[in-house]
Structures are given as C-alpha cells and as structure tokens.
$ cat start.cif   # mmCIF, C-alpha atoms
data_work
loop_
_atom_site.group_PDB
_atom_site.id
_atom_site.type_symbol
_atom_site.label_atom_id
_atom_site.label_comp_id
_atom_site.auth_asym_id
_atom_site.auth_seq_id
_atom_site.Cartn_x
_atom_site.Cartn_y
_atom_site.Cartn_z
ATOM 1 C CA GLY A 1 -8.629 -51.576 1.155
ATOM 2 C CA GLN A 2 -6.968 -50.981 4.541
ATOM 3 C CA LEU A 3 -3.711 -49.740 3.069
ATOM 4 C CA THR A 4 -2.317 -48.321 6.324
ATOM 5 C CA VAL A 5 -2.697 -51.771 7.905
ATOM 6 C CA ALA A 6 -1.124 -53.348 4.819
ATOM 7 C CA ASP A 7 1.798 -50.918 4.992
ATOM 8 C CA LYS A 8 2.394 -51.766 8.657
ATOM 9 C CA SER A 9 2.250 -55.479 7.859
ATOM 10 C CA TYR A 10 4.744 -55.011 5.038
ATOM 11 C CA TYR A 11 7.222 -53.204 7.281
ATOM 12 C CA TRP A 12 6.756 -55.782 10.025
ATOM 13 C CA LEU A 13 7.515 -58.656 7.610
ATOM 14 C CA LYS A 14 10.431 -56.734 6.121
ATOM 15 C CA GLY A 15 11.831 -56.104 9.601
ATOM 16 C CA LEU A 16 11.328 -59.727 10.618
ATOM 17 C CA LEU A 17 13.338 -60.908 7.630
ATOM 18 C CA GLU A 18 16.092 -58.330 8.207
ATOM 19 C CA ARG A 19 16.535 -59.543 11.807
ATOM 20 C CA GLN A 20 16.897 -63.254 10.997
ATOM 21 C CA LEU A 21 19.982 -64.995 12.321
ATOM 22 C CA PRO A 22 22.351 -66.827 9.954
ATOM 23 C CA GLY A 23 21.334 -70.406 9.304
ATOM 24 C CA GLN A 24 18.257 -72.343 8.275
ATOM 25 C CA SER A 25 15.900 -71.353 11.088
ATOM 26 C CA LEU A 26 13.094 -68.874 10.613
ATOM 27 C CA TYR A 27 12.152 -67.001 13.760
ATOM 28 C CA MET A 28 8.534 -66.036 13.196
ATOM 29 C CA PHE A 29 7.867 -63.915 16.276
ATOM 30 C CA ARG A 30 9.367 -60.638 17.338
ATOM 31 C CA SER A 31 10.132 -59.451 20.819
ATOM 32 C CA GLY A 32 10.283 -55.676 20.901
ATOM 33 C CA GLU A 33 12.728 -54.616 18.188
ATOM 34 C CA GLY A 34 14.431 -58.028 18.051
ATOM 35 C CA LEU A 35 13.484 -61.629 17.378
ATOM 36 C CA LEU A 36 11.940 -63.967 19.895
ATOM 37 C CA THR A 37 14.819 -66.450 19.844
ATOM 38 C CA ASN A 38 14.085 -68.309 23.067
ATOM 39 C CA PRO A 39 10.305 -68.827 23.079
ATOM 40 C CA ASP A 40 8.315 -70.469 25.820
ATOM 41 C CA PRO A 41 8.162 -74.224 25.085
ATOM 42 C CA ALA A 42 4.369 -73.988 24.722
ATOM 43 C CA ILE A 43 4.751 -71.863 21.568
ATOM 44 C CA ALA A 44 8.228 -72.890 20.400
ATOM 45 C CA TRP A 45 6.980 -75.088 17.532
ATOM 46 C CA ALA A 46 5.066 -72.179 15.981
ATOM 47 C CA ALA A 47 7.659 -69.528 16.858
ATOM 48 C CA VAL A 48 10.746 -71.095 15.260
ATOM 49 C CA ALA A 49 10.907 -73.326 12.193
ATOM 50 C CA HIS A 50 14.169 -75.190 11.703
ATOM 51 C CA PHE A 51 14.277 -75.759 7.961
ATOM 52 C CA ASP A 52 17.131 -78.246 8.270
ATOM 53 C CA GLN A 53 14.901 -80.576 10.322
ATOM 54 C CA PRO A 54 11.760 -82.571 9.467
ATOM 55 C CA ARG A 55 8.236 -81.929 10.773
ATOM 56 C CA GLN A 56 8.542 -78.255 11.428
ATOM 57 C CA ALA A 57 6.106 -75.367 10.960
ATOM 58 C CA PHE A 58 7.149 -74.949 7.325
ATOM 59 C CA TYR A 59 4.169 -72.713 6.480
ATOM 60 C CA GLY A 60 5.505 -69.307 7.622
ATOM 61 C CA PRO A 61 7.404 -68.296 4.483
ATOM 62 C CA GLY A 62 4.461 -69.148 2.250
ATOM 63 C CA MET A 63 2.067 -67.040 4.294
ATOM 64 C CA ALA A 64 4.468 -64.093 4.170
ATOM 65 C CA SER A 65 4.950 -64.538 0.417
ATOM 66 C CA VAL A 66 1.221 -64.535 -0.312
ATOM 67 C CA PHE A 67 0.862 -61.194 1.416
ATOM 68 C CA LEU A 68 4.032 -59.699 -0.074
ATOM 69 C CA ALA A 69 3.223 -60.708 -3.669
ATOM 70 C CA GLN A 70 -0.245 -59.200 -3.408
ATOM 71 C CA TYR A 71 1.079 -56.128 -1.601
ATOM 72 C CA ALA A 72 3.626 -55.547 -4.393
ATOM 73 C CA HIS A 73 0.782 -55.380 -6.895
ATOM 74 C CA VAL A 74 -1.651 -53.276 -4.839
ATOM 75 C CA GLN A 75 0.916 -50.761 -3.614
ATOM 76 C CA CYS A 76 3.179 -50.816 -6.707
ATOM 77 C CA ARG A 77 6.124 -51.918 -4.553
ATOM 78 C CA PRO A 78 8.301 -54.316 -6.613
ATOM 79 C CA GLU A 79 10.715 -54.657 -3.683
ATOM 80 C CA ALA A 80 8.004 -56.704 -1.955
ATOM 81 C CA ILE A 81 8.509 -59.359 -4.679
ATOM 82 C CA THR A 82 12.169 -59.584 -3.671
ATOM 83 C CA LEU A 83 11.150 -60.068 -0.033
ATOM 84 C CA ALA A 84 8.609 -62.747 -1.000
ATOM 85 C CA ARG A 85 11.348 -64.632 -2.872
ATOM 86 C CA ARG A 86 13.667 -64.334 0.129
ATOM 87 C CA TYR A 87 11.014 -65.818 2.395
ATOM 88 C CA LEU A 88 10.416 -68.745 0.040
ATOM 89 C CA ARG A 89 14.165 -69.481 0.040
ATOM 90 C CA PHE A 90 13.691 -70.987 3.507
ATOM 91 C CA ASN A 91 11.508 -73.720 2.000
ATOM 92 C CA ILE A 92 13.519 -74.075 -1.199
ATOM 93 C CA GLU A 93 16.829 -74.431 0.631
ATOM 94 C CA GLY A 94 15.355 -76.440 3.513
ATOM 95 C CA THR A 95 15.136 -80.150 4.120
ATOM 96 C CA GLU A 96 13.651 -82.301 1.398
ATOM 97 C CA LYS A 97 11.550 -83.966 4.134
ATOM 98 C CA GLN A 98 9.072 -81.067 4.038
ATOM 99 C CA PHE A 99 8.123 -82.305 0.553
ATOM 100 C CA THR A 100 8.649 -86.077 0.879
ATOM 101 C CA ASP A 101 7.145 -86.859 4.310
ATOM 102 C CA VAL A 102 3.536 -87.735 3.407
ATOM 103 C CA ASP A 103 2.592 -87.671 7.098
ATOM 104 C CA SER A 104 3.219 -83.923 7.198
ATOM 105 C CA VAL A 105 1.135 -81.147 5.622
ATOM 106 C CA GLN A 106 3.162 -78.297 7.089
ATOM 107 C CA ALA A 107 4.512 -77.071 3.724
ATOM 108 C CA CYS A 108 1.056 -76.403 2.247
ATOM 109 C CA LYS A 109 1.390 -72.609 2.460
ATOM 110 C CA PHE A 110 4.635 -72.833 0.492
ATOM 111 C CA GLY A 111 2.519 -73.917 -2.475
ATOM 112 C CA TRP A 112 0.137 -70.998 -2.003
ATOM 113 C CA GLY A 113 2.978 -68.499 -1.605
ATOM 114 C CA LEU A 114 4.751 -69.926 -4.612
ATOM 115 C CA ALA A 115 1.642 -69.713 -6.793
ATOM 116 C CA THR A 116 0.828 -66.168 -5.685
ATOM 117 C CA LEU A 117 4.397 -65.045 -6.295
ATOM 118 C CA TYR A 118 4.463 -66.730 -9.702
ATOM 119 C CA ARG A 119 1.268 -64.951 -10.736
ATOM 120 C CA ALA A 120 2.745 -61.617 -9.601
ATOM 121 C CA ALA A 121 6.199 -62.159 -11.126
ATOM 122 C CA PRO A 122 6.531 -65.240 -13.380
ATOM 123 C CA SER A 123 9.967 -66.805 -13.282
ATOM 124 C CA ASP A 124 11.353 -69.975 -14.837
ATOM 125 C CA ASP A 125 13.051 -70.977 -11.586
ATOM 126 C CA LEU A 126 9.643 -71.295 -9.883
ATOM 127 C CA HIS A 127 7.974 -73.501 -12.505
ATOM 128 C CA GLU A 128 9.523 -76.738 -11.247
ATOM 129 C CA TRP A 129 8.288 -75.928 -7.741
ATOM 130 C CA LEU A 130 4.728 -75.323 -8.981
ATOM 131 C CA ALA A 131 4.618 -78.839 -10.408
ATOM 132 C CA LEU A 132 6.255 -80.362 -7.323
ATOM 133 C CA MET A 133 3.767 -78.709 -4.972
ATOM 134 C CA THR A 134 0.797 -79.733 -7.108
ATOM 135 C CA GLN A 135 1.950 -83.350 -6.771
ATOM 136 C CA TRP A 136 2.538 -82.734 -3.040
ATOM 137 C CA PHE A 137 -1.185 -82.053 -2.582
ATOM 138 C CA ILE A 138 -2.167 -85.074 -4.671
ATOM 139 C CA ASP A 139 0.089 -87.324 -2.573
ATOM 140 C CA ARG A 140 -1.587 -86.205 0.653
ATOM 141 C CA GLN A 141 -5.208 -86.443 -0.429
ATOM 142 C CA ASP A 142 -7.188 -89.288 1.100
ATOM 143 C CA PRO A 143 -8.738 -91.724 -1.431
ATOM 144 C CA GLU A 144 -12.156 -90.464 -0.258
ATOM 145 C CA GLY A 145 -11.205 -86.960 -1.426
ATOM 146 C CA TRP A 146 -10.477 -85.105 1.810
ATOM 147 C CA TRP A 147 -7.277 -83.806 3.373
ATOM 148 C CA GLY A 148 -6.474 -83.954 7.050
ATOM 149 C CA THR A 149 -4.025 -82.509 9.494
ATOM 150 C CA SER A 150 -0.456 -83.795 9.712
ATOM 151 C CA ARG A 151 -0.680 -87.502 10.465
ATOM 152 C CA PHE A 152 2.363 -87.304 12.713
ATOM 153 C CA ALA A 153 0.303 -85.032 14.991
ATOM 154 C CA ASP A 154 -3.160 -86.611 14.514
ATOM 155 C CA SER A 155 -3.537 -89.887 12.649
ATOM 156 C CA ASN A 156 -7.349 -89.831 12.814
ATOM 157 C CA PRO A 157 -8.586 -86.273 12.236
ATOM 158 C CA SER A 158 -12.156 -85.421 13.143
ATOM 159 C CA TYR A 159 -14.742 -84.621 10.487
ATOM 160 C CA ALA A 160 -14.415 -80.919 11.397
ATOM 161 C CA ASP A 161 -10.614 -81.049 11.039
ATOM 162 C CA ARG A 162 -10.971 -82.741 7.642
ATOM 163 C CA LEU A 163 -13.474 -80.131 6.510
ATOM 164 C CA VAL A 164 -11.224 -77.245 7.539
ATOM 165 C CA LYS A 165 -8.073 -78.783 6.059
ATOM 166 C CA THR A 166 -9.835 -79.733 2.820
ATOM 167 C CA SER A 167 -11.134 -76.178 2.410
ATOM 168 C CA GLU A 168 -7.653 -74.788 3.043
ATOM 169 C CA HIS A 169 -5.948 -77.200 0.661
ATOM 170 C CA LEU A 170 -8.501 -76.574 -2.089
ATOM 171 C CA LEU A 171 -7.710 -72.859 -1.939
ATOM 172 C CA GLU A 172 -3.974 -73.564 -2.105
ATOM 173 C CA LEU A 173 -4.305 -76.157 -4.859
ATOM 174 C CA ASN A 174 -6.533 -73.849 -6.908
ATOM 175 C CA SER A 175 -3.839 -71.175 -6.603
ATOM 176 C CA LEU A 176 -1.285 -73.618 -7.993
ATOM 177 C CA ILE A 177 -3.580 -74.623 -10.852
ATOM 178 C CA SER A 178 -4.169 -70.952 -11.646
ATOM 179 C CA ALA A 179 -0.423 -70.273 -11.708
ATOM 180 C CA LEU A 180 0.236 -73.291 -13.921
ATOM 181 C CA SER A 181 -2.591 -72.215 -16.245
ATOM 182 C CA ALA A 182 -1.146 -68.718 -16.472
ATOM 183 C CA GLU A 183 2.259 -70.193 -17.311
ATOM 184 C CA VAL A 184 0.790 -72.251 -20.141
ATOM 185 C CA SER A 185 -1.297 -69.404 -21.552
ATOM 186 C CA THR A 186 1.415 -66.730 -21.313
ATOM 187 C CA GLY A 187 4.487 -68.861 -21.902
ATOM 188 C CA GLY A 188 5.778 -67.745 -18.505
ATOM 189 C CA LYS A 189 5.626 -64.043 -19.395
ATOM 190 C CA GLU A 190 4.124 -61.527 -17.013
ATOM 191 C CA VAL A 191 0.587 -60.554 -17.875
ATOM 192 C CA PRO A 192 0.127 -56.748 -18.063
#

$ encode --input "start.cif" --output "structure tokens"
Amino acid sequence: GQLTVADKSYYWLKGLLERQLPGQSLYMFRSGEGLLTNPDPAIAWAAVAHFDQPRQAFYGPGMASVFLAQYAHVQCRPEAITLARRYLRFNIEGTEKQFTDVDSVQACKFGWGLATLYRAAPSDDLHEWLALMTQWFIDRQDPEGWWGTSRFADSNPSYADRLVKTSEHLLELNSLISALSAEVSTGGKEVP
C-alpha cells in the first residue's frame, strides 16, 4: 500500500535499465545519476553480473521483474510489463551455464520473475522457460528434500542455510507451479 515508495522503486529500476551499457553485463548499482561500473572488489560480484560468464549473480533481473509485473497490475502501468521483459532478457540471452550448472542456484529469481510476469501477462514465448525453470529447481533439490546455497560457494551448507534456501526456493517453485496451472486452466490467455 506504499504507492509513493513503489513509484520511486519503479523509476529507479526504469532508470537503471536505461543506463545499462551495451553488452551482456547487468550493472545492478547506481552511482549518482550513472551506473556503478567500477565497484569495490568486495561488492563487485553483487554489483555486476556478466551474463556471458558462468557463476554470476544471475538473480537481479528476476527480482526486478517480480516487482515490475506486480507494479504494472497495482498501478495500471502496462509499460512496467515491457520493462520486466527487458530485464528477463539478460537471463534469456545469457549463458546456458546459469541453467545447466547444478552447483549454482544463482538463477532462482529468474524463475520467480518469469512466473510473476507470466501471471501478469501470459505469453507463449515464456511457457518453455516456465517448464525449464521448474526442472531447474528439481535438479538442484537434495534427495532429502532441502535446497542449499550454490555448491561452488559452499559445498556443505549449514542447517540454517538449508532452511533459508529451502524456504526461498519453495516460494519460487510455487510461483512457477501457479503460472503453469494458470496456463493450463486459461489456455495461456490473460485472466481478467
């Protein structure tokens, strides 16, 4: 219900996308009116995702898309759907490794963003990705039922890390299931 905060967030995300440099890197921080293109090494991994390289912070576009798809509905701003799609293009056009490297869970928010966008604006071109990301979660689930952090960063996550990551992934996976269910029940048509 904090629409002035939502409006500011929308314009910030819109401005961030408008300032991106050509190429397959997403600069996720701003510095004044521009992008933070040369971040301190301590935050570089979170500040810039190189979508042409493996094991990056692939989650940024999905997080932006979740907000933008919901914002489009709440504020009746269909242009936010276009922005959400543009953010997801980073994942879609990025390295296949974000989806095939089972030691990485950095693309999880892509699934959530994809599902939220699909529910807001169903589109045939997204259906294949819904199925792919559902399988992505299945491939990363431990046989005991939990999910952990990226194995390339921590091969033996603590119980607390497993609990947090499992909660997060259940939310994202439920979003995908909801989107797939809506597709089946509506034949891919937008629900009024």

$ closest_atom_pairs --input "start.cif" --of "stretch 53-160 of chain A" --to "stretch 172-175 of chain A" --cutoff "10 Å" --atoms "only C-alpha atoms" --output "tab-separated table"
residue	atom	partner	partner_atom	distance
A:Cys108	CA	A:Glu172	CA	7.2
A:Lys109	CA	A:Glu172	CA	7.1
A:Phe110	CA	A:Glu172	CA	9.0
A:Gly111	CA	A:Glu172	CA	6.5
A:Trp112	CA	A:Glu172	CA	4.8
A:Gly113	CA	A:Glu172	CA	8.6
A:Leu114	CA	A:Ser175	CA	8.9
A:Ala115	CA	A:Ser175	CA	5.7
A:Thr116	CA	A:Ser175	CA	6.9
A:Tyr118	CA	A:Ser175	CA	9.9
A:Arg119	CA	A:Ser175	CA	9.0
A:Leu130	CA	A:Ser175	CA	9.8
A:Met133	CA	A:Leu173	CA	8.5
A:Thr134	CA	A:Leu173	CA	6.6
A:Gln135	CA	A:Leu173	CA	9.7
A:Trp136	CA	A:Leu173	CA	9.7
A:Phe137	CA	A:Leu173	CA	7.0
A:Ile138	CA	A:Leu173	CA	9.2

$ closest_atom_pairs --input "start.cif" --of "stretch 116-174 of chain A" --to "stretch 53-60 of chain A" --cutoff "10 Å" --atoms "only C-alpha atoms" --output "Markdown table"
| residue | atom | partner | partner_atom | distance |
| --- | --- | --- | --- | --- |
| A:Ser150 | CA | A:Arg55 | CA | 9.0 |
| A:Phe152 | CA | A:Arg55 | CA | 8.2 |
| A:Ala153 | CA | A:Arg55 | CA | 9.5 |

$ closest_residue --input "start.cif" --among "A:Ala182, A:Ile92, A:Leu3, A:Val66" --to "A:Phe51" --atoms "all atoms listed in the file"
A:Ile92

$ atom_distance --input "start.cif" --atom1 "atom CA of A:Leu163" --atom2 "atom CA of A:Ala179"
24.5 Å

$ atom_distance --input "start.cif" --atom1 "atom CA of A:Thr100" --atom2 "atom CA of A:Thr166"
19.6 Å

$ closest_residue --input "start.cif" --among "A:Leu16, A:Leu180, A:Ala121, A:Leu171" --to "A:Glu79" --atoms "only C-alpha atoms"
A:Ala121

$ closest_residue --input "start.cif" --among "A:Leu13, A:Val74, A:Met28, A:Leu176" --to "A:His50" --atoms "all atoms listed in the file"
A:Met28

$ atom_distance --input "start.cif" --atom1 "atom CA of A:Ala42" --atom2 "atom CA of A:Tyr10"
27.3 Å

$ resolve_selection --input "start.cif" --expression "the PyMOL selection byres ((chain A and resi 6) around 12)" --output "VMD selection string"
chain A and resid 1 to 5 7 to 13 67 to 68 70 to 72 74 to 75 77 80

$ closest_residue --input "start.cif" --among "A:Leu126, A:Ala49, A:Val102, A:Ile43" --to "A:Arg151" --atoms "only C-alpha atoms"
A:Val102

$ residues_around --input "start.cif" --residues "A:Arg140" --least-positions-apart "6" --cutoff "8 Å" --atoms "all atoms listed in the file" --output "list in words"
Val102, Asp103, Val105 and Trp147 of chain A

$ resolve_selection --input "start.cif" --expression "the PyMOL selection byres ((chain A and resi 34) around 12)" --output "PyMOL selection string"
chain A and resi 12+15-21+27-33+35-38

$ closest_residue --input "start.cif" --among "A:Pro157, A:Pro122, A:Gly145, A:Pro39" --to "A:His169" --atoms "all atoms listed in the file"
A:Gly145

$ closest_residue --input "start.cif" --among "A:Ser181, A:Glu93, A:Pro143, A:Leu117" --to "A:Pro78" --atoms "only C-alpha atoms"
A:Leu117

$ axis_aligned_box --input "start.cif" --around "stretch 19-24 of chain A" --padding-each-side "8 Å" --output "JSON"
{"center_x": 19.4, "center_y": -65.9, "center_z": 10.3, "size_x": 21.8, "size_y": 28.8, "size_z": 20.0}
